[in-house]
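Student: Got a structure for you, written out below as structure tokens; questions coming shortly.
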Amino acid sequence: MERLEYQFAAGQPAPGRTVSGVVSSGDLEVLLEPAPAGRTTVAVQTSVDGYGGTWKALLERVFGAGDLPAARIEINDNGATPGVVRMRIEQAYEQANDGGRP
């Protein structure tokens, strides 16, 4: 198990909170809640050690522009591929915009 933490510039607070995905074989769950404007924090709990550089690169691609809403994000990973990670993060933001409905 490895725990990684990152911070990124962000816009206004996310409109709501939500959970996207399920922690199971080869997948992950993303918990998103609003944060103060200007900053998104991402905490990753992963079952796969030694991929901090990969996580950093992926999350910088997702959050690097700083234009996503500010959020506190918790990612619980069970070996998901980078494509699934990005999809779940995008899904969480979409659900937060829709009032948390999956």
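Residues are named by chain letter and number: chains run A, B, ... in the order of the structure tokens, numbers start at 1 in each chain, and ligands are numbered from 1 in the order shown.
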List as a list of chain:residue names the protein and nucleic acid residues near A:Thr41, meaning an atom at most 7 Å away when only C-alpha atoms are counted, but skip any in the same chain fewer than 5 places from it.
Tutor: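 Everything that qualifies: A:Tyr6, A:Gln7, A:Phe8, A:Ala71, A:Arg72, A:Ile73.
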Student: Pick out the residues sitting within 12 Å of A:Leu31, and hand them over as a PDB file with C-alpha atoms, in the first residue's frame; count only C-alpha atoms, and ignore anything fewer than 6 positions along from it in its own chain.
Tutor:
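What follows is the written file result38.pdb:
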```
ATOM      1  CA  GLY A  16     -21.249  19.323  -4.780  1.00  0.00           C
ATOM      2  CA  ARG A  17     -19.852  16.072  -3.474  1.00  0.00           C
ATOM      3  CA  THR A  18     -19.962  12.638  -5.039  1.00  0.00           C
ATOM      4  CA  VAL A  19     -18.502   9.128  -5.229  1.00  0.00           C
ATOM      5  CA  SER A  20     -17.544   7.624  -8.567  1.00  0.00           C
ATOM      6  CA  GLY A  21     -16.500   4.024  -9.160  1.00  0.00           C
ATOM      7  CA  VAL A  22     -16.009   1.029  -6.904  1.00  0.00           C
ATOM      8  CA  VAL A  23     -12.835  -0.377  -5.393  1.00  0.00           C
ATOM      9  CA  THR A  41      -5.881  18.417  -3.236  1.00  0.00           C
ATOM     10  CA  VAL A  42      -5.656  14.818  -4.368  1.00  0.00           C
ATOM     11  CA  ALA A  43      -4.848  11.958  -1.983  1.00  0.00           C
ATOM     12  CA  VAL A  44      -4.217   8.571  -3.583  1.00  0.00           C
ATOM     13  CA  GLN A  45      -4.314   5.308  -1.644  1.00  0.00           C
ATOM     14  CA  ALA A  71     -12.061  20.001  -4.716  1.00  0.00           C
ATOM     15  CA  ARG A  72     -10.710  17.623  -2.124  1.00  0.00           C
ATOM     16  CA  ILE A  73     -10.333  14.318  -3.921  1.00  0.00           C
ATOM     17  CA  GLU A  74      -9.637  10.934  -2.375  1.00  0.00           C
ATOM     18  CA  ILE A  75      -8.721   8.138  -4.778  1.00  0.00           C
ATOM     19  CA  ASN A  76      -8.797   4.551  -3.549  1.00  0.00           C
ATOM     20  CA  ASP A  77      -7.027   2.500  -6.216  1.00  0.00           C
ATOM     21  CA  ARG A  88     -13.420   8.229 -12.949  1.00  0.00           C
ATOM     22  CA  ILE A  89     -12.141  11.731 -12.129  1.00  0.00           C
ATOM     23  CA  GLU A  90     -14.100  13.199 -15.048  1.00  0.00           C
ATOM     24  CA  GLN A  91     -17.154  11.172 -14.005  1.00  0.00           C
ATOM     25  CA  ALA A  92     -16.897  12.520 -10.447  1.00  0.00           C
ATOM     26  CA  TYR A  93     -16.841  16.133 -11.672  1.00  0.00           C
ATOM     27  CA  GLN A  95     -21.777  13.891 -11.075  1.00  0.00           C
ATOM     28  CA  ALA A  96     -20.888  16.792  -8.747  1.00  0.00           C
ATOM     29  CA  GLY A 100     -24.115  14.008  -6.925  1.00  0.00           C
TER      30      GLY A 100
END
```
Student: Which residues, written as an MDAnalysis selection string, have at least one atom at most 12 Å from A:Asp67, with only C-alpha atoms counted and residues fewer than 4 positions away on the same chain left out?
Tutor: chainID A and resid 8:14 37:40 61:63 71
Student: I need the strand (DSSP E or B) residues of stretch 2-72 of chain A per DSSP on the backbone, written as a PyMOL selection string.
Tutor: chain A and resi 2-9+13+18-21+28-34+39-46+70-72
Student: Run DSSP on the backbone and give me the residues of chain A it puts in alpha helix (DSSP H), as an mmCIF file with N, CA, C and O atoms, in the first residue's frame.
Tutor:
```cif
data_model
loop_
_atom_site.group_PDB
_atom_site.id
_atom_site.type_symbol
_atom_site.label_atom_id
_atom_site.label_comp_id
_atom_site.auth_asym_id
_atom_site.auth_seq_id
_atom_site.Cartn_x
_atom_site.Cartn_y
_atom_site.Cartn_z
ATOM 1 N N GLY A 52 4.528 6.280 -8.097
ATOM 2 C CA GLY A 52 4.337 7.692 -7.775
ATOM 3 C C GLY A 52 4.584 8.599 -8.966
ATOM 4 O O GLY A 52 3.838 9.560 -9.184
ATOM 5 N N GLY A 53 5.610 8.310 -9.759
ATOM 6 C CA GLY A 53 5.904 9.116 -10.945
ATOM 7 C C GLY A 53 4.799 9.046 -11.980
ATOM 8 O O GLY A 53 4.448 10.050 -12.600
ATOM 9 N N THR A 54 4.228 7.873 -12.145
ATOM 10 C CA THR A 54 3.112 7.699 -13.090
ATOM 11 C C THR A 54 1.884 8.460 -12.610
ATOM 12 O O THR A 54 1.218 9.149 -13.389
ATOM 13 N N TRP A 55 1.576 8.346 -11.322
ATOM 14 C CA TRP A 55 0.444 9.085 -10.757
ATOM 15 C C TRP A 55 0.644 10.585 -10.926
ATOM 16 O O TRP A 55 -0.271 11.299 -11.327
ATOM 17 N N LYS A 56 1.838 11.064 -10.618
ATOM 18 C CA LYS A 56 2.118 12.497 -10.728
ATOM 19 C C LYS A 56 1.913 12.978 -12.157
ATOM 20 O O LYS A 56 1.251 13.993 -12.398
ATOM 21 N N ALA A 57 2.460 12.257 -13.135
ATOM 22 C CA ALA A 57 2.329 12.650 -14.537
ATOM 23 C C ALA A 57 0.863 12.653 -14.980
ATOM 24 O O ALA A 57 0.408 13.583 -15.650
ATOM 25 N N LEU A 58 0.131 11.625 -14.600
ATOM 26 C CA LEU A 58 -1.283 11.537 -14.983
ATOM 27 C C LEU A 58 -2.092 12.673 -14.362
ATOM 28 O O LEU A 58 -2.864 13.357 -15.051
ATOM 29 N N LEU A 59 -1.922 12.895 -13.076
ATOM 30 C CA LEU A 59 -2.692 13.937 -12.398
ATOM 31 C C LEU A 59 -2.308 15.330 -12.886
ATOM 32 O O LEU A 59 -3.162 16.217 -12.971
ATOM 33 N N GLU A 60 -1.049 15.538 -13.257
ATOM 34 C CA GLU A 60 -0.653 16.827 -13.829
ATOM 35 C C GLU A 60 -1.336 17.064 -15.178
ATOM 36 O O GLU A 60 -1.692 18.185 -15.503
ATOM 37 N N ARG A 61 -1.536 16.005 -15.965
ATOM 38 C CA ARG A 61 -2.263 16.145 -17.231
ATOM 39 C C ARG A 61 -3.727 16.492 -16.972
ATOM 40 O O ARG A 61 -4.322 17.282 -17.701
ATOM 41 N N VAL A 62 -4.326 15.902 -15.956
ATOM 42 C CA VAL A 62 -5.741 16.147 -15.653
ATOM 43 C C VAL A 62 -5.944 17.530 -15.033
ATOM 44 O O VAL A 62 -6.845 18.271 -15.433
ATOM 45 N N PHE A 63 -5.120 17.903 -14.073
ATOM 46 C CA PHE A 63 -5.335 19.119 -13.298
ATOM 47 C C PHE A 63 -4.392 20.268 -13.649
ATOM 48 O O PHE A 63 -4.549 21.365 -13.126
ATOM 49 N N PRO A 82 -4.316 4.060 -16.234
ATOM 50 C CA PRO A 82 -4.438 5.518 -16.319
ATOM 51 C C PRO A 82 -5.726 5.989 -17.000
ATOM 52 O O PRO A 82 -6.324 6.975 -16.582
ATOM 53 N N GLY A 83 -6.183 5.291 -18.014
ATOM 54 C CA GLY A 83 -7.434 5.666 -18.679
ATOM 55 C C GLY A 83 -8.628 5.591 -17.750
ATOM 56 O O GLY A 83 -9.507 6.455 -17.781
ATOM 57 N N VAL A 84 -8.671 4.570 -16.913
ATOM 58 C CA VAL A 84 -9.766 4.422 -15.956
ATOM 59 C C VAL A 84 -9.685 5.515 -14.893
ATOM 60 O O VAL A 84 -10.709 6.085 -14.498
ATOM 61 N N VAL A 85 -8.478 5.849 -14.457
ATOM 62 C CA VAL A 85 -8.311 6.914 -13.463
ATOM 63 C C VAL A 85 -8.887 8.215 -14.002
ATOM 64 O O VAL A 85 -9.702 8.875 -13.343
ATOM 65 N N ARG A 86 -8.474 8.587 -15.200
ATOM 66 C CA ARG A 86 -8.957 9.832 -15.799
ATOM 67 C C ARG A 86 -10.481 9.811 -15.966
ATOM 68 O O ARG A 86 -11.166 10.780 -15.661
ATOM 69 N N MET A 87 -11.007 8.682 -16.442
ATOM 70 C CA MET A 87 -12.448 8.562 -16.645
ATOM 71 C C MET A 87 -13.205 8.747 -15.327
ATOM 72 O O MET A 87 -14.218 9.452 -15.275
ATOM 73 N N ARG A 88 -12.737 8.124 -14.246
ATOM 74 C CA ARG A 88 -13.420 8.229 -12.949
ATOM 75 C C ARG A 88 -13.359 9.655 -12.397
ATOM 76 O O ARG A 88 -14.321 10.137 -11.799
ATOM 77 N N ILE A 89 -12.240 10.341 -12.581
ATOM 78 C CA ILE A 89 -12.141 11.731 -12.129
ATOM 79 C C ILE A 89 -13.130 12.597 -12.903
ATOM 80 O O ILE A 89 -13.869 13.394 -12.326
ATOM 81 N N GLU A 90 -13.154 12.435 -14.229
ATOM 82 C CA GLU A 90 -14.100 13.199 -15.048
ATOM 83 C C GLU A 90 -15.537 12.876 -14.669
ATOM 84 O O GLU A 90 -16.388 13.764 -14.591
ATOM 85 N N GLN A 91 -15.815 11.599 -14.417
ATOM 86 C CA GLN A 91 -17.154 11.172 -14.005
ATOM 87 C C GLN A 91 -17.539 11.831 -12.681
ATOM 88 O O GLN A 91 -18.674 12.285 -12.512
ATOM 89 N N ALA A 92 -16.611 11.901 -11.746
ATOM 90 C CA ALA A 92 -16.897 12.520 -10.447
ATOM 91 C C ALA A 92 -17.253 13.992 -10.611
ATOM 92 O O ALA A 92 -18.211 14.480 -9.996
ATOM 93 N N TYR A 93 -16.512 14.723 -11.441
ATOM 94 C CA TYR A 93 -16.841 16.133 -11.672
ATOM 95 C C TYR A 93 -18.210 16.277 -12.333
ATOM 96 O O TYR A 93 -18.985 17.155 -11.971
ATOM 97 N N GLU A 94 -18.523 15.426 -13.298
ATOM 98 C CA GLU A 94 -19.833 15.479 -13.950
ATOM 99 C C GLU A 94 -20.956 15.221 -12.942
ATOM 100 O O GLU A 94 -21.969 15.916 -12.926
ATOM 101 N N GLN A 95 -20.772 14.211 -12.086
ATOM 102 C CA GLN A 95 -21.777 13.891 -11.075
ATOM 103 C C GLN A 95 -21.926 15.028 -10.072
ATOM 104 O O GLN A 95 -23.045 15.335 -9.646
ATOM 105 N N ALA A 96 -20.815 15.653 -9.679
ATOM 106 C CA ALA A 96 -20.888 16.792 -8.747
ATOM 107 C C ALA A 96 -21.700 17.926 -9.363
ATOM 108 O O ALA A 96 -22.492 18.571 -8.668
ATOM 109 N N ASN A 97 -21.553 18.139 -10.669
ATOM 110 C CA ASN A 97 -22.330 19.177 -11.362
ATOM 111 C C ASN A 97 -23.811 18.829 -11.426
ATOM 112 O O ASN A 97 -24.652 19.711 -11.516
#
```
Student: Tell me which of A:Gly79, A:Gly99, A:Pro15, A:Gly66 sits closest to A:Asp49, counting only C-alpha atoms.
Tutor: A:Gly79
Student: Using atom CA of A:Thr81 and atom CA of A:Glu29 as the two end points, give the distance in Å to one decimal.
Tutor: 12.6 Å
